[in-house]
Each structure stands twice: as C-alpha cells, then as structure tokens.
$ cat model15.tsv   # TSV, C-alpha atoms and all ligand atoms
chain	number	residue	atom	x	y	z
A	192	MET	CA	94.49	7.67	-229.65
A	193	GLN	CA	95.98	7.90	-233.17
A	194	ILE	CA	94.95	11.18	-234.82
A	195	THR	CA	95.55	12.32	-238.41
A	196	GLU	CA	94.37	15.90	-237.95
A	197	ILE	CA	92.22	18.25	-235.88
A	198	TYR	CA	91.01	21.31	-237.75
A	199	LYS	CA	88.15	23.79	-237.96
A	200	SER	CA	86.10	24.13	-241.13
A	201	ILE	CA	82.55	24.19	-242.45
A	202	GLN	CA	80.57	20.97	-242.04
A	203	GLY	CA	80.09	19.68	-245.57
A	204	GLU	CA	77.71	16.77	-245.89
A	205	SER	CA	74.76	16.23	-243.58
A	206	THR	CA	71.85	18.29	-242.31
A	207	TYR	CA	74.54	20.20	-240.36
A	208	ALA	CA	76.19	21.26	-243.63
A	209	GLY	CA	77.25	24.88	-243.63
A	210	LEU	CA	77.88	25.18	-239.89
A	211	PRO	CA	81.32	25.84	-238.39
A	212	CYS	CA	82.68	22.59	-237.00
A	213	VAL	CA	85.86	21.18	-235.45
A	214	PHE	CA	86.86	17.94	-237.15
A	215	VAL	CA	88.79	15.23	-235.32
A	216	ARG	CA	90.09	12.79	-237.93
A	217	LEU	CA	91.21	9.48	-236.49
A	218	THR	CA	93.85	7.42	-238.27
A	219	GLY	CA	93.13	4.04	-239.85
A	220	CYS	CA	90.38	2.35	-241.81
A	221	ASN	CA	89.62	-1.31	-242.45
A	222	LEU	CA	87.71	-0.59	-245.70
A	223	ARG	CA	89.00	0.61	-249.08
A	224	CYS	CA	86.15	2.42	-250.85
A	225	SER	CA	86.92	3.02	-254.52
A	226	TRP	CA	86.13	6.76	-254.29
A	227	CYS	CA	87.63	7.37	-250.82
A	228	ASP	CA	88.84	10.97	-250.42
A	229	SER	CA	90.54	10.31	-247.06
A	230	GLU	CA	93.23	7.79	-248.01
A	231	PHE	CA	95.81	10.03	-246.33
A	232	SER	CA	94.22	9.02	-243.01
A	233	PHE	CA	94.89	5.27	-243.45
A	234	TYR	CA	98.39	5.44	-241.96
A	235	GLY	CA	100.58	7.69	-239.88
A	236	GLY	CA	99.08	10.34	-237.65
A	237	ARG	CA	100.23	11.16	-234.13
A	238	LYS	CA	99.47	9.63	-230.77
A	239	MET	CA	97.45	11.99	-228.60
A	240	SER	CA	95.99	11.61	-225.12
A	241	SER	CA	92.32	12.39	-224.49
A	242	GLU	CA	93.45	15.49	-222.59
A	243	ASP	CA	95.46	16.71	-225.57
A	244	VAL	CA	92.54	16.11	-227.94
A	245	MET	CA	90.10	17.96	-225.65
A	246	ALA	CA	92.53	20.85	-225.21
A	247	GLU	CA	93.08	21.21	-228.96
A	248	ILE	CA	89.33	21.20	-229.65
A	249	GLU	CA	88.68	23.76	-226.91
A	250	ARG	CA	91.50	25.97	-228.20
A	251	SER	CA	90.12	25.80	-231.71
A	252	SER	CA	86.48	26.43	-230.75
A	253	PRO	CA	85.26	26.70	-227.13
A	254	ALA	CA	81.94	24.99	-226.30
A	255	PRO	CA	79.15	25.12	-227.21
A	256	GLY	CA	79.67	24.26	-230.86
A	257	LEU	CA	79.88	21.42	-233.30
A	258	VAL	CA	82.53	18.69	-233.23
A	259	GLU	CA	82.67	15.89	-235.80
A	260	ILE	CA	84.55	12.68	-235.08
A	261	THR	CA	85.60	11.21	-238.41
A	262	GLY	CA	88.34	9.21	-240.11
A	263	GLY	CA	89.34	6.79	-241.45
A	264	GLU	CA	86.99	4.75	-239.34
A	265	PRO	CA	86.80	6.23	-235.84
A	266	MET	CA	85.09	3.20	-234.27
A	267	LEU	CA	88.27	1.16	-234.82
A	268	GLN	CA	89.50	3.11	-231.77
A	269	GLU	CA	86.25	2.62	-229.87
A	270	LYS	CA	87.88	2.26	-226.45
A	271	GLU	CA	89.36	5.75	-226.67
A	272	VAL	CA	86.77	7.48	-228.83
A	273	VAL	CA	83.66	6.65	-226.77
A	274	PRO	CA	85.03	8.38	-223.64
A	275	ILE	CA	86.09	11.39	-225.74
A	276	MET	CA	82.55	11.68	-227.13
A	277	GLU	CA	81.19	11.53	-223.57
A	278	ARG	CA	83.57	14.29	-222.48
A	279	LEU	CA	82.63	16.48	-225.43
A	280	LEU	CA	78.91	16.07	-224.69
A	281	ALA	CA	79.49	16.88	-221.02
A	282	ALA	CA	81.40	20.01	-222.05
A	283	GLY	CA	78.37	21.20	-224.04
A	284	TYR	CA	79.35	20.34	-227.61
A	285	THR	CA	77.04	18.86	-230.22
A	286	VAL	CA	78.89	15.76	-231.37
A	287	LEU	CA	78.63	14.16	-234.82
A	288	LEU	CA	80.14	10.74	-235.55
A	289	GLU	CA	80.84	9.90	-239.20
A	290	THR	CA	81.21	6.14	-239.56
A	291	SER	CA	81.27	3.51	-242.30
A	292	GLY	CA	78.55	1.43	-240.60
A	293	GLU	CA	80.79	-1.63	-240.57
A	294	ARG	CA	81.70	-1.47	-236.85
A	295	PRO	CA	79.15	-2.04	-234.05
A	296	LEU	CA	77.58	1.23	-232.90
A	297	SER	CA	75.71	0.09	-229.80
A	298	ARG	CA	78.20	1.71	-227.40
A	299	VAL	CA	78.07	5.16	-229.00
A	300	PRO	CA	76.52	7.60	-226.47
A	301	LYS	CA	72.83	8.18	-227.30
A	302	SER	CA	73.19	11.96	-227.62
A	303	VAL	CA	75.82	11.67	-230.34
A	304	VAL	CA	74.41	12.26	-233.83
A	305	LYS	CA	75.57	9.30	-235.88
A	306	ILE	CA	76.03	9.82	-239.62
A	307	VAL	CA	76.19	6.24	-240.81
A	308	ASP	CA	77.20	5.08	-244.29
A	309	VAL	CA	75.61	2.14	-246.03
A	310	LYS	CA	78.12	1.11	-248.70
A	311	CYS	CA	76.61	0.59	-252.15
A	312	PRO	CA	77.54	-2.12	-254.72
A	313	HIS	CA	80.05	0.01	-256.65
A	314	SER	CA	81.77	1.48	-253.58
A	315	GLY	CA	84.17	-1.44	-253.70
A	316	GLU	CA	82.97	-2.41	-250.21
A	317	PRO	CA	79.42	-3.77	-250.70
A	318	ASP	CA	77.71	-5.78	-247.97
A	319	THR	CA	79.86	-4.30	-245.22
A	320	PHE	CA	77.03	-2.54	-243.38
A	321	ALA	CA	76.44	-4.35	-240.08
A	322	MET	CA	72.68	-4.93	-240.17
A	323	GLU	CA	72.45	-4.94	-236.36
A	324	ASN	CA	73.36	-1.24	-236.51
A	325	LEU	CA	69.80	-0.57	-237.71
A	326	GLY	CA	68.80	-1.20	-234.10
A	327	SER	CA	71.27	1.43	-232.84
A	328	LEU	CA	69.86	4.24	-234.98
A	329	ASN	CA	68.14	7.09	-233.11
A	330	SER	CA	65.64	9.60	-234.46
A	331	HIS	CA	68.34	12.31	-234.62
A	332	ASP	CA	70.74	10.15	-236.65
A	333	GLU	CA	71.40	10.29	-240.39
A	334	VAL	CA	72.10	7.52	-242.91
A	335	LYS	CA	74.17	8.26	-245.99
A	336	PHE	CA	74.52	6.47	-249.33
A	337	VAL	CA	77.34	7.59	-251.63
A	338	LEU	CA	76.27	6.81	-255.18
A	339	SER	CA	78.31	6.42	-258.34
A	340	ASP	CA	75.72	5.11	-260.79
A	341	ARG	CA	72.20	3.78	-261.36
A	342	ILE	CA	72.98	0.41	-259.77
A	343	ASP	CA	74.07	2.14	-256.56
A	344	TYR	CA	70.96	4.34	-256.68
A	345	GLU	CA	68.59	1.39	-257.06
A	346	PHE	CA	70.31	-0.44	-254.18
A	347	ALA	CA	69.93	2.65	-251.95
A	348	ARG	CA	66.34	3.30	-253.00
A	349	ASP	CA	65.36	-0.29	-252.24
A	350	PHE	CA	67.29	-0.40	-248.95
A	351	VAL	CA	65.54	2.77	-247.76
A	352	ALA	CA	62.12	1.29	-248.60
A	353	GLN	CA	62.82	-2.19	-247.24
A	354	HIS	CA	64.03	-0.93	-243.87
A	355	ARG	CA	61.68	2.08	-243.64
A	356	LEU	CA	64.76	4.21	-243.00
A	357	ALA	CA	63.03	7.56	-243.34
A	358	GLU	CA	60.85	6.67	-240.36
A	359	ARG	CA	63.82	5.66	-238.22
A	360	VAL	CA	66.18	8.60	-238.64
A	361	HIS	CA	66.24	12.36	-239.06
A	362	ALA	CA	67.58	12.22	-242.62
A	363	VAL	CA	68.46	9.82	-245.40
A	364	LEU	CA	71.24	11.33	-247.52
A	365	PHE	CA	71.89	10.45	-251.16
A	366	SER	CA	75.28	11.86	-252.12
A	367	PRO	CA	76.89	11.64	-255.58
A	368	ALA	CA	80.42	10.22	-255.31
A	369	PHE	CA	83.24	12.62	-256.19
A	370	ARG	CA	86.25	11.55	-258.27
A	371	LYS	CA	89.01	11.06	-255.74
A	372	ASP	CA	91.57	12.74	-258.00
A	373	ALA	CA	89.33	15.81	-258.50
A	374	THR	CA	91.18	19.11	-258.45
A	375	GLY	CA	90.76	22.60	-259.84
A	376	ALA	CA	87.20	23.51	-260.81
A	377	ARG	CA	84.82	23.67	-257.88
A	378	ASP	CA	81.78	22.28	-259.63
A	379	ALA	CA	79.69	19.18	-260.24
A	380	SER	CA	81.84	18.05	-263.19
A	381	HIS	CA	83.85	15.98	-260.68
A	382	CYS	CA	80.83	13.96	-259.57
A	383	LEU	CA	80.79	10.35	-260.76
A	384	LEU	CA	77.01	10.63	-260.84
A	385	ASP	CA	75.52	13.90	-262.12
A	386	PRO	CA	73.52	15.47	-259.24
A	387	ARG	CA	70.85	16.55	-261.74
A	388	GLN	CA	70.41	12.95	-262.86
A	389	LEU	CA	70.20	11.84	-259.23
A	390	ALA	CA	67.61	14.53	-258.50
A	391	ASP	CA	65.48	13.28	-261.43
A	392	TRP	CA	65.61	9.70	-260.12
A	393	ILE	CA	64.72	10.73	-256.56
A	394	LEU	CA	61.76	12.74	-257.82
A	395	ALA	CA	60.59	10.04	-260.26
A	396	ASP	CA	60.56	7.39	-257.52
A	397	ASN	CA	59.38	9.64	-254.66
A	398	VAL	CA	62.32	8.53	-252.52
A	399	PRO	CA	62.23	10.13	-249.04
A	400	ALA	CA	65.92	11.08	-249.30
A	401	ARG	CA	67.79	14.35	-249.24
A	402	LEU	CA	70.08	15.13	-252.20
A	403	SER	CA	73.37	15.86	-250.44
A	404	LEU	CA	76.36	17.56	-252.04
A	405	GLN	CA	79.76	17.79	-250.34
A	406	ILE	CA	79.66	21.57	-250.11
A	407	HIS	CA	83.29	21.89	-248.96
A	408	LYS	CA	84.27	20.66	-252.45
A	409	PHE	CA	82.35	23.56	-253.98
A	410	VAL	CA	83.82	26.12	-251.57
A	411	TRP	CA	87.49	25.02	-251.67
A	412	ASP	CA	89.57	23.14	-254.24
A	413	PRO	CA	88.26	19.55	-254.18
A	414	ALA	CA	91.82	18.32	-253.52
A	415	ALA	CA	92.35	20.63	-250.53
A	416	LYS	CA	93.07	18.92	-247.20
A	417	GLY	CA	92.15	20.26	-243.78
A	418	VAL	CA	88.97	21.97	-245.02
A	501	LIG	S1	85.10	3.87	-244.96
A	501	LIG	FE1	85.52	6.05	-245.26
A	501	LIG	S2	87.71	6.32	-244.80
A	501	LIG	FE2	87.35	4.12	-245.06
A	501	LIG	S3	87.84	3.70	-247.21
A	501	LIG	FE3	85.63	4.09	-247.10
A	501	LIG	S4	85.40	6.31	-247.49
A	501	LIG	FE4	87.58	5.92	-246.98
$ encode --input "model15.tsv" --output "structure tokens"
Amino acid sequence: MQITEIYKSIQGESTYAGLPCVFVRLTGCNLRCSWCDSEFSFYGGRKMSSEDVMAEIERSSPAPGLVEITGGEPMLQEKEVVPIMERLLAAGYTVLLETSGERPLSRVPKSVVKIVDVKCPHSGEPDTFAMENLGSLNSHDEVKFVLSDRIDYEFARDFVAQHRLAERVHAVLFSPAFRKDATGARDASHCLLDPRQLADWILADNVPARLSLQIHKFVWDPAAKGV
C-alpha cells in the first residue's frame, strides 16, 4: 500500500470533530479539486505492508480509538485498504473513511463510518459523484459538501432535498471551502465562503445540514501538515 503519512491529531471535520484520531493518508488521487488542501498526497509516499500500517497505528494509539483512512483517494487502493479496515475493526477501532464519492463504495465494510463527498459545481470536479453510492450509504454515514459560493450552496441544498439525504445518513455536512494557500491567521478570513453567510442560507431555507468548519485550521496554522 502506498502511504503519504500516518499521524495522530484531532479529527477536524465531521460529527467526530474534536476527538483524538490516527490518520492514515494514502497516496494518489484521480480528481483535482480546485481548493484541494492535500495536493502533497498526489505523488510519492512510501510502500508499506498491512502489518507495518497496523503496527504504526497501534504504536501511535492502541485500540480502542478512532482511525481515519483518508488521502488522496483511499479507494484507489481498494484491494489493500478494505482488508486493513477489516483488521482495524476487528482490533476494536472505530474506523472512518474519507472519500471523494467517485469510486464504488459497495465493498467497504458495513461498520466503517463513511464520510462521502459530493463534489459541487465550482469544485472543479462536478458530476463525479457515483450515484450508485447512494445505495451504499448506511445510517451512521455522513455526506459532505464543500462549498465555495452560492451556486455550490444551491446545488447542495437541492441535492439533499432531491435524494432525501438527511433521512439516509447520520449527518449532512455543509463546509465552507478554505483557500488552499491559506497561512498565518487561524480564522474564517481564509474561507472562500463566509461561514456566517452560509449559516444564514441554511437557516433561511431550513436545510437539514450541519454547518461544518475544519477545526484543525482554527487550532493550527492552516498551512500546517500532519495535523
Ligand atoms: S478528492 Fe480530495 S484529495 Fe482528491 S483532489 Fe479532491 S480534495 Fe484533493
């Protein structure tokens, strides 16, 4: 398996936000979102066996605890990553999978909490969500829309209503996109869409979504890696 980094930090953007978590960042992505903050994971990394990955996670934080499989796009390495998720579950971890929603998710173990993106029009990767993945969503899963403007918001609002997403999953997350070159101040000035504006829209339209901020970018420098 090709791995960019394994590190322990605070989970930043889901209903698990704020909890200690070991992140396993897999190398490679087939999308190129305009606001991507993980471009460093597109290439490089190191080859690791499943045993090495398990050992590093256990050294960092023994079970039980939270492990997030992320990327890049982890499901590009499905053959290796599915067995790792099964091993982590068997060891007693709660496992989160952060995925773009473009790859099929039917073979992800049921107990894994999937945090699935639906890419909006101005992400640079619209229409990449695999609609059949709606059928793979479980009631503990979460669906995330990263929004950079009103057009993205209206797309997300309408998608949530059309597919009755709030009834299918544990949480629908609306997250303002962050400037990918953000550095320095740890505040909302780096958001492409003002969170206050987004809050007003959610309230005005009674959208059953959770306003989600990437809290690690308010705790550490937004440019910091490995946090
Ligand atoms: S899917 Fe994720 S890792 Fe890939 S380009 Fe988009 S934001 Fe970056």
$ residues_around --input "model15.tsv" --residues "A:Ala415" --least-positions-apart "4" --cutoff "9 Å" --atoms "only C-alpha atoms" --output "PDB file with C-alpha atoms, keeping the file's coordinate frame"
ATOM      1  CA  THR A 374      91.180  19.110-258.450  1.00  0.00           C
ATOM      2  CA  LYS A 408      84.270  20.660-252.450  1.00  0.00           C
ATOM      3  CA  TRP A 411      87.490  25.020-251.670  1.00  0.00           C
TER       4      TRP A 411
END
$ residues_around --input "model15.tsv" --residues "A:Ser380" --least-positions-apart "5" --cutoff "10 Å" --atoms "all atoms listed in the file" --output "VMD selection string"
chain A and resid 369 to 370 373 385 to 386
$ residues_near_ligand --input "model15.tsv" --ligand "ligand LIG 501 (chain A)" --cutoff "7 Å" --atoms "only C-alpha atoms and all ligand atoms" --output "VMD selection string"
chain A and resid 220 to 224 226 to 230 262 to 264 291
$ write_last_selection --input "model15.tsv" --atoms "C-alpha atoms" --output "PDB file, in the coordinates of the input"
ATOM      1  CA  CYS A 220      90.380   2.350-241.810  1.00  0.00           C
ATOM      2  CA  ASN A 221      89.620  -1.310-242.450  1.00  0.00           C
ATOM      3  CA  LEU A 222      87.710  -0.590-245.700  1.00  0.00           C
ATOM      4  CA  ARG A 223      89.000   0.610-249.080  1.00  0.00           C
ATOM      5  CA  CYS A 224      86.150   2.420-250.850  1.00  0.00           C
ATOM      6  CA  TRP A 226      86.130   6.760-254.290  1.00  0.00           C
ATOM      7  CA  CYS A 227      87.630   7.370-250.820  1.00  0.00           C
ATOM      8  CA  ASP A 228      88.840  10.970-250.420  1.00  0.00           C
ATOM      9  CA  SER A 229      90.540  10.310-247.060  1.00  0.00           C
ATOM     10  CA  GLU A 230      93.230   7.790-248.010  1.00  0.00           C
ATOM     11  CA  GLY A 262      88.340   9.210-240.110  1.00  0.00           C
ATOM     12  CA  GLY A 263      89.340   6.790-241.450  1.00  0.00           C
ATOM     13  CA  GLU A 264      86.990   4.750-239.340  1.00  0.00           C
ATOM     14  CA  SER A 291      81.270   3.510-242.300  1.00  0.00           C
TER      15      SER A 291
END
$ closest_residue --input "model15.tsv" --among "A:Leu356, A:Leu389, A:Ala321, A:Val215" --to "A:Glu259" --atoms "only C-alpha atoms"
A:Val215
$ residues_around --input "model15.tsv" --residues "A:Val398" --least-positions-apart "2" --cutoff "12 Å" --atoms "all atoms listed in the file" --output "ChimeraX atom specification"
/A:344-345,347-353,355-357,362-365,389-396,400-402
$ atom_distance --input "model15.tsv" --atom1 "atom CA of A:Leu288" --atom2 "atom CA of A:Val244"
15.5 Å
$ residues_near_point --input "model15.tsv" --point "(81.7, 10.6, -258.4)" --cutoff "7 Å" --atoms "only C-alpha atoms" --output "PyMOL selection string"
chain A and resi 339+367-370+381-384
$ closest_residue --input "model15.tsv" --among "A:Lys238, A:Ile260, A:Pro265, A:Ala254" --to "A:Gly219" --atoms "only C-alpha atoms"
A:Pro265
$ atom_distance --input "model15.tsv" --atom1 "atom CA of A:Glu333" --atom2 "atom CA of A:Asp308"
8.7 Å
$ atom_distance --input "model15.tsv" --atom1 "atom CA of A:Met239" --atom2 "atom CA of A:Tyr198"
14.6 Å
$ closest_residue --input "model15.tsv" --among "A:Pro399, A:Pro300, A:Pro317, A:Gly256" --to "A:Val272" --atoms "all atoms listed in the file"
A:Pro300
$ closest_residue --input "model15.tsv" --among "A:Asp372, A:Ser403, A:Ile306, A:Thr285" --to "A:Val337" --atoms "all atoms listed in the file"
A:Ser403
$ residues_around --input "model15.tsv" --residues "A:Gly417" --least-positions-apart "4" --cutoff "8 Å" --atoms "all atoms listed in the file" --output "PyMOL selection string"
chain A and resi 196+198-200
$ write_last_selection --input "model15.tsv" --atoms "C-alpha atoms" --output "PDB file, in the coordinates of the input"
ATOM      1  CA  GLU A 196      94.370  15.900-237.950  1.00  0.00           C
ATOM      2  CA  TYR A 198      91.010  21.310-237.750  1.00  0.00           C
ATOM      3  CA  LYS A 199      88.150  23.790-237.960  1.00  0.00           C
ATOM      4  CA  SER A 200      86.100  24.130-241.130  1.00  0.00           C
TER       5      SER A 200
END
$ residues_around --input "model15.tsv" --residues "A:Met276" --least-positions-apart "6" --cutoff "12 Å" --atoms "only C-alpha atoms" --output "count of residues only"
30
$ axis_aligned_box --input "model15.tsv" --around "stretch 293-299 of chain A" --padding-each-side "5 Å" --output "JSON"
{"center_x": 78.7, "center_y": 1.6, "center_z": -234.0, "size_x": 16.0, "size_y": 17.2, "size_z": 23.2}
$ build_atoms --input "model15.tsv" --residues "stretch 194-214 of chain A" --atoms "N, CA, C and O atoms" --output "short mmCIF file (atom, residue, chain, number, x, y, z; two decimals), keeping the file's coordinate frame"
data_model
loop_
_atom_site.label_atom_id
_atom_site.label_comp_id
_atom_site.auth_asym_id
_atom_site.auth_seq_id
_atom_site.Cartn_x
_atom_site.Cartn_y
_atom_site.Cartn_z
N ILE A 194 95.69 10.08 -234.18
CA ILE A 194 94.95 11.18 -234.82
C ILE A 194 95.68 11.65 -236.07
O ILE A 194 96.89 11.92 -236.03
N THR A 195 94.95 11.78 -237.17
CA THR A 195 95.55 12.32 -238.41
C THR A 195 95.55 13.84 -238.38
O THR A 195 96.54 14.48 -238.73
N GLU A 196 94.43 14.44 -237.98
CA GLU A 196 94.37 15.90 -237.95
C GLU A 196 93.18 16.36 -237.11
O GLU A 196 92.17 15.66 -236.97
N ILE A 197 93.33 17.55 -236.54
CA ILE A 197 92.22 18.25 -235.88
C ILE A 197 92.19 19.64 -236.50
O ILE A 197 93.22 20.33 -236.52
N TYR A 198 91.06 20.02 -237.06
CA TYR A 198 91.01 21.31 -237.75
C TYR A 198 89.59 21.86 -237.72
O TYR A 198 88.62 21.11 -237.52
N LYS A 199 89.48 23.14 -237.95
CA LYS A 199 88.15 23.79 -237.96
C LYS A 199 87.78 24.11 -239.41
O LYS A 199 88.62 24.61 -240.17
N SER A 200 86.55 23.81 -239.78
CA SER A 200 86.10 24.13 -241.13
C SER A 200 84.58 24.26 -241.11
O SER A 200 83.97 24.44 -240.05
N ILE A 201 84.00 24.15 -242.31
CA ILE A 201 82.55 24.19 -242.45
C ILE A 201 82.07 22.76 -242.66
O ILE A 201 82.61 22.07 -243.53
N GLN A 202 81.09 22.33 -241.88
CA GLN A 202 80.57 20.97 -242.04
C GLN A 202 80.02 20.85 -243.46
O GLN A 202 79.31 21.74 -243.93
N GLY A 203 80.36 19.73 -244.14
CA GLY A 203 80.09 19.68 -245.57
C GLY A 203 79.00 18.77 -246.06
O GLY A 203 78.47 18.97 -247.14
N GLU A 204 78.63 17.74 -245.28
CA GLU A 204 77.71 16.77 -245.89
C GLU A 204 76.81 16.08 -244.88
O GLU A 204 77.05 14.95 -244.51
N SER A 205 75.80 16.79 -244.46
CA SER A 205 74.76 16.23 -243.58
C SER A 205 73.74 17.35 -243.43
O SER A 205 73.85 18.39 -244.08
N THR A 206 72.76 17.18 -242.54
CA THR A 206 71.85 18.29 -242.31
C THR A 206 72.52 19.41 -241.51
O THR A 206 71.94 20.46 -241.32
N TYR A 207 73.75 19.16 -241.03
CA TYR A 207 74.54 20.20 -240.36
C TYR A 207 75.42 20.96 -241.34
O TYR A 207 76.20 21.82 -240.93
N ALA A 208 75.34 20.63 -242.62
CA ALA A 208 76.19 21.26 -243.63
C ALA A 208 76.08 22.78 -243.56
O ALA A 208 74.98 23.33 -243.43
N GLY A 209 77.22 23.42 -243.64
CA GLY A 209 77.25 24.88 -243.63
C GLY A 209 77.63 25.46 -242.28
O GLY A 209 78.01 26.64 -242.20
N LEU A 210 77.57 24.67 -241.23
CA LEU A 210 77.88 25.18 -239.89
C LEU A 210 79.37 25.05 -239.59
O LEU A 210 80.00 24.05 -239.98
N PRO A 211 79.94 26.01 -238.85
CA PRO A 211 81.32 25.84 -238.39
C PRO A 211 81.44 24.59 -237.52
O PRO A 211 80.53 24.28 -236.75
N CYS A 212 82.55 23.90 -237.66
CA CYS A 212 82.68 22.59 -237.00
C CYS A 212 84.17 22.28 -236.79
O CYS A 212 84.99 22.59 -237.66
N VAL A 213 84.50 21.69 -235.65
CA VAL A 213 85.86 21.18 -235.45
C VAL A 213 85.86 19.70 -235.82
O VAL A 213 85.02 18.94 -235.32
N PHE A 214 86.77 19.33 -236.70
CA PHE A 214 86.86 17.94 -237.15
C PHE A 214 88.02 17.24 -236.44
O PHE A 214 89.13 17.79 -236.38
#
